[in-house]
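Asks: Quick one: the structure is below, questions incoming.
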Amino acid sequence: MNPTPSPAQAPPSPGRADDVAHIVALVAVDGLGPRRLRDVIARFGSAAAAWRADAADLASVVTAPVADRLVSLRARRSPEAIMAAVHACGAHVLPLADPRYPPLLAQTATPPFVLFVRGDIAPLAGPAVAVVGTRAATAYGRDATWRIVAPLARQGIVIVSGLALGIDAAAHDAALEAGGATVAVVAGGIDGVYPPQHVDLHARIIAGGGCVVSECAPGVAPVAGRFPARNRIIAGLSLACVVVEAGMRSGALITASCALEEGRDVLAVPGPITSDRSHGAHGLLRAGAAPATSAEDVLAVLDLDRRAADSDARRQLPDDPAEAALVAALSDRPAAADELARCTGLDAATVAGALALLELKGLARQAGGRWTAVQR
C-alpha cells in the first residue's frame with residue numbers, strides 16, 4: 001500500500017520567544033486544535049493578538065465555549081506561567097517555526113503548532129518507522145514485533161509508537177534492547193505518564209536517548225478523544241507504519257489511516273487466521289498493504305537511498321493557494337504587505353493572515369514591517 005508520498009518541506013525557521021509563549025498558551029485552551037488555531041492566528045495576525053482578543057471577536061472564528069475557555073484561562077494564567085509549568089517538568093518546547101521541529105511532521109496537512117518533548121530531540125530528525133498494534137497482544141504478536149523492530153533499530157531506524165500496553169510497549173522495549181532510539185507519542189499532558197504501569201518504560205526511553213512527545217500542555221488528561229490526535233502524530237513522524245496485531249476496531253487502524261492520508265507507506269504483519277487480533281492487519285493486506293514478515297521487508301519499502309535523492313530534488317510550495325502565491329512572490333528584496341497584495345491579486349486581510357502562517361512555518365520573515373523569503 002504505497003501512495004505517492006507528499007513532497008518534502010524545508011524545516012521551519014525559529015520563531016520569536018514571545019510568539020512561542022503565546023502559542024503554548026493558546027494550545028492549552030481545550031478545543032483549540034491545529035485547524036482552529038490556524039484559523040485564529042490567520043484572523044488576528046499573530047498568536048499574541050489572538051491571546052488578547054475579546055470573546056466577541058474570538059467567537060467569530062471559534063465556538064462560543066472555546067472563546068469563553070480562552071478568556072477564562074487568560075484571566076487565571078499568563079503565557080509565562082504556562083511556559084514555566086512546561087519547563088518545570090523538564091520539557092523542550094518545539095513550535096512549528098523551530099528548525100528542530102520534526103520535518104516529516106511539519107509537512108503533514110495539520111501539524112501541531114507546538115510539540116512538547118521530554119528527552120533527546122535528536123531522534124525526531126532521524127528516519128523513523130511507526131510500529132503499532134493491539135493492547136491485548138499475543139505471544140505471537142510480541143515475538144513478531146521484536147523480530148522486526150530490533151534489526152531496524154540496530155540499523156539506525158527510529159521506532160515510533162504510543163507507549164500503550166501490548167504491541168506499543170513491545171516495540172519500545174525491542175528498540176531499547178537493540179541499542180536504538182525510540183519515540184513515544186502520548187495523548188495526555190507532557191508532565192504525566194499513561195498508562196501508569198509504564199513509568200519505568202517512560203524513564204528508560206528517555207535514559208536510552210529517545211524521547212516522549214505530546215501536543216498537550218502539562219495537566220491535560222489523556223481522555224479518549226485525544227488518542228486519534230496522538231495517532232495522527234505517530235503517523236506524521238514516520239516514513240512508514242507497521243501494524244503488527246489489530247482487531248477490526250483497533251486504534252492501530254486509525255494510525256494506518258492517518259499514514260495513508262499523508263502518503264506514507266503502510267505494512268501489516270500476517271497473523272494466524274484463527275486470531276481476531278489479526279483481522280485488522282489482514283484487512284490492510286487485502287487493501288494493498290505490504291506484508292511485513294521481517295525487518296528486510298520494511299527496509300525494502302523504505303528504500304532510503306531513493307527517498308534521499310527524491311528529497312534533494314524536490315521543493316514544495318504550500319498547498320494553500322494564497323500561501324503558495326505569496327511564497328512565489330517573496331524574494332530576498334523586502335516587500336510591504338500592500339505591495340504583495342497588489343502583485344498577487346489577494347485582498348489585504350488574506351495577505352495578512354497568510355503571511356502570519358508562513359512566518360510560523362519558516363517560509364517568510366518580517367523585519368520593519370516588510371517581508372522577505374526564507375532561504376532554503
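The chains in the C-alpha cells are called A, B, ... from first to last as shown; in each chain the residues are counted from 1, and the ligands are counted from 1 in the order shown.
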Mind running region 78-146 of chain A against region 198-222 of chain A at 8 Å and telling me each contacting residue's nearest atom pair with the distance in Å (one decimal), counting only C-alpha atoms, chain and number ascending, as JSON lines?
Replies:
```
{"residue": "A:Ala85", "atom": "CA", "partner": "A:Pro218", "partner_atom": "CA", "distance": 6.7}
{"residue": "A:Val86", "atom": "CA", "partner": "A:Pro218", "partner_atom": "CA", "distance": 6.2}
{"residue": "A:Pro112", "atom": "CA", "partner": "A:Glu215", "partner_atom": "CA", "distance": 6.4}
{"residue": "A:Val114", "atom": "CA", "partner": "A:Glu215", "partner_atom": "CA", "distance": 6.3}
{"residue": "A:Leu115", "atom": "CA", "partner": "A:Glu215", "partner_atom": "CA", "distance": 4.8}
{"residue": "A:Phe116", "atom": "CA", "partner": "A:Ser214", "partner_atom": "CA", "distance": 5.3}
{"residue": "A:Val117", "atom": "CA", "partner": "A:Val213", "partner_atom": "CA", "distance": 4.6}
{"residue": "A:Arg118", "atom": "CA", "partner": "A:Val212", "partner_atom": "CA", "distance": 5.2}
{"residue": "A:Gly119", "atom": "CA", "partner": "A:Cys211", "partner_atom": "CA", "distance": 4.3}
{"residue": "A:Asp120", "atom": "CA", "partner": "A:Cys211", "partner_atom": "CA", "distance": 5.5}
{"residue": "A:Ile121", "atom": "CA", "partner": "A:Cys211", "partner_atom": "CA", "distance": 6.5}
{"residue": "A:Pro123", "atom": "CA", "partner": "A:Gly210", "partner_atom": "CA", "distance": 6.4}
```
Asks: Based on DSSP run over this structure's backbone, return all residues of region 320-350 of chain A in helix (DSSP H, G or I), as a compact mmCIF listing (two decimals) with C-alpha atoms, in the first residue's frame.
Replies:
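Result written to part10.txt:
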```txt
# COMPACT_ATOMS: atom_id res chain seq x y z
CA PRO A 321 -3.34 28.81 -2.86
CA ALA A 322 -2.86 32.14 -1.05
CA GLU A 323 0.24 30.92 0.76
CA ALA A 324 1.64 29.43 -2.45
CA ALA A 325 1.10 32.71 -4.32
CA LEU A 326 2.89 34.67 -1.60
CA VAL A 327 5.83 32.25 -1.43
CA ALA A 328 6.22 32.61 -5.20
CA ALA A 329 6.10 36.41 -4.89
CA ALA A 337 2.20 43.62 2.62
CA ASP A 338 0.26 46.01 0.36
CA GLU A 339 2.84 45.52 -2.39
CA LEU A 340 2.46 41.75 -2.08
CA ALA A 341 -1.31 42.15 -2.23
CA ARG A 342 -1.04 44.08 -5.50
CA CYS A 343 1.29 41.61 -7.20
CA THR A 344 -0.68 38.53 -6.12
CA ALA A 348 -5.23 42.74 2.36
CA ALA A 349 -6.88 40.53 5.01
CA THR A 350 -5.95 37.32 3.17
```
Asks: With a cut-off of 10 Å, could you pull out the residues of region 208-276 of chain A touching region 283-298 of chain A and give me the nearest pair of atoms for each, distance in Å to one decimal, using only C-alpha atoms, ordered by chain and ascending number, as a tab-separated table?
Replies:
```
residue	atom	partner	partner_atom	distance
A:Ala240	CA	A:Val298	CA	8.2
A:Cys241	CA	A:Val298	CA	9.3
A:Val242	CA	A:Ala292	CA	7.3
A:Val243	CA	A:Ala292	CA	8.6
A:Val244	CA	A:Ala292	CA	8.4
A:Ala246	CA	A:Gly283	CA	9.6
A:Gly247	CA	A:Gly283	CA	9.5
A:Met248	CA	A:Gly283	CA	8.1
A:Leu253	CA	A:Leu284	CA	8.4
A:Ala256	CA	A:Leu284	CA	8.7
A:Ser257	CA	A:Leu284	CA	9.8
A:Leu260	CA	A:Ala289	CA	10.0
A:Asp265	CA	A:Ala289	CA	7.9
A:Val266	CA	A:Ala289	CA	5.5
A:Leu267	CA	A:Ala290	CA	4.6
A:Ala268	CA	A:Pro291	CA	5.2
A:Val269	CA	A:Ala292	CA	4.8
A:Pro270	CA	A:Pro291	CA	6.7
A:Gly271	CA	A:Thr293	CA	9.9
```
Asks: Please, could you write that set of residues out with N, CA and C atoms as a short mmCIF file (atom, residue, chain, number, x, y, z; two decimals), in the first residue's frame?
Replies:
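Generated output (selection-v4.cif):
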```
data_model
loop_
_atom_site.label_atom_id
_atom_site.label_comp_id
_atom_site.auth_asym_id
_atom_site.auth_seq_id
_atom_site.Cartn_x
_atom_site.Cartn_y
_atom_site.Cartn_z
N ALA A 240 6.97 5.25 7.46
CA ALA A 240 6.09 4.11 7.23
C ALA A 240 5.47 3.68 8.54
N CYS A 241 4.34 2.98 8.43
CA CYS A 241 3.63 2.47 9.61
C CYS A 241 3.48 0.97 9.49
N VAL A 242 3.94 0.24 10.50
CA VAL A 242 3.82 -1.21 10.53
C VAL A 242 2.76 -1.58 11.58
N VAL A 243 1.71 -2.25 11.14
CA VAL A 243 0.67 -2.73 12.06
C VAL A 243 0.94 -4.21 12.33
N VAL A 244 1.16 -4.55 13.60
CA VAL A 244 1.51 -5.92 13.94
C VAL A 244 0.27 -6.76 14.20
N ALA A 246 -3.94 -6.24 15.19
CA ALA A 246 -5.00 -5.25 15.35
C ALA A 246 -6.34 -5.89 15.05
N GLY A 247 -7.29 -5.71 15.96
CA GLY A 247 -8.65 -6.12 15.67
C GLY A 247 -9.30 -5.14 14.71
N MET A 248 -10.53 -5.42 14.32
CA MET A 248 -11.20 -4.58 13.33
C MET A 248 -11.54 -3.19 13.87
N LEU A 253 -5.49 0.89 13.50
CA LEU A 253 -6.00 1.12 12.15
C LEU A 253 -6.21 2.61 11.88
N ALA A 256 -2.83 3.76 10.88
CA ALA A 256 -2.58 3.37 9.49
C ALA A 256 -3.33 4.28 8.53
N SER A 257 -4.57 4.63 8.86
CA SER A 257 -5.35 5.52 8.01
C SER A 257 -4.71 6.90 7.93
N LEU A 260 -1.75 6.70 5.58
CA LEU A 260 -2.16 6.70 4.17
C LEU A 260 -2.56 8.09 3.71
N ASP A 265 3.94 4.95 3.64
CA ASP A 265 3.77 3.51 3.40
C ASP A 265 3.13 2.83 4.61
N VAL A 266 2.29 1.84 4.34
CA VAL A 266 1.67 1.04 5.40
C VAL A 266 1.99 -0.43 5.15
N LEU A 267 2.45 -1.10 6.20
CA LEU A 267 2.73 -2.53 6.14
C LEU A 267 1.96 -3.22 7.25
N ALA A 268 1.71 -4.49 7.09
CA ALA A 268 1.00 -5.26 8.10
C ALA A 268 1.62 -6.64 8.25
N VAL A 269 1.64 -7.12 9.48
CA VAL A 269 2.20 -8.44 9.78
C VAL A 269 1.09 -9.48 9.63
N PRO A 270 1.25 -10.44 8.76
CA PRO A 270 0.24 -11.52 8.68
C PRO A 270 0.19 -12.28 10.00
N GLY A 271 -1.02 -12.65 10.41
CA GLY A 271 -1.17 -13.37 11.66
C GLY A 271 -1.97 -14.65 11.48
#
```
Asks: Could you tell me how far CA of Asp168 (chain A) lies from CA of Leu32 (chain A), in Å and to one decimal?
Replies: 27.9 Å
Asks: List as a VMD selection string the protein and nucleic acid residues near region 53-66 of chain A, meaning an atom at most 12 Å away when only C-alpha atoms are counted, but skip any in the same chain fewer than 2 places from it.
Replies: chain A and resid 26 to 33 35 to 51 68 to 75
Asks: Rank A:Leu237, A:Ile148, A:Val158, A:Ala137 by their smallest atom-to-atom distance to Gln107 (chain A), using only C-alpha atoms, and report the top residue only.
Replies: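 Of all the options, A:Leu237 lies closest to Gln107 (chain A).
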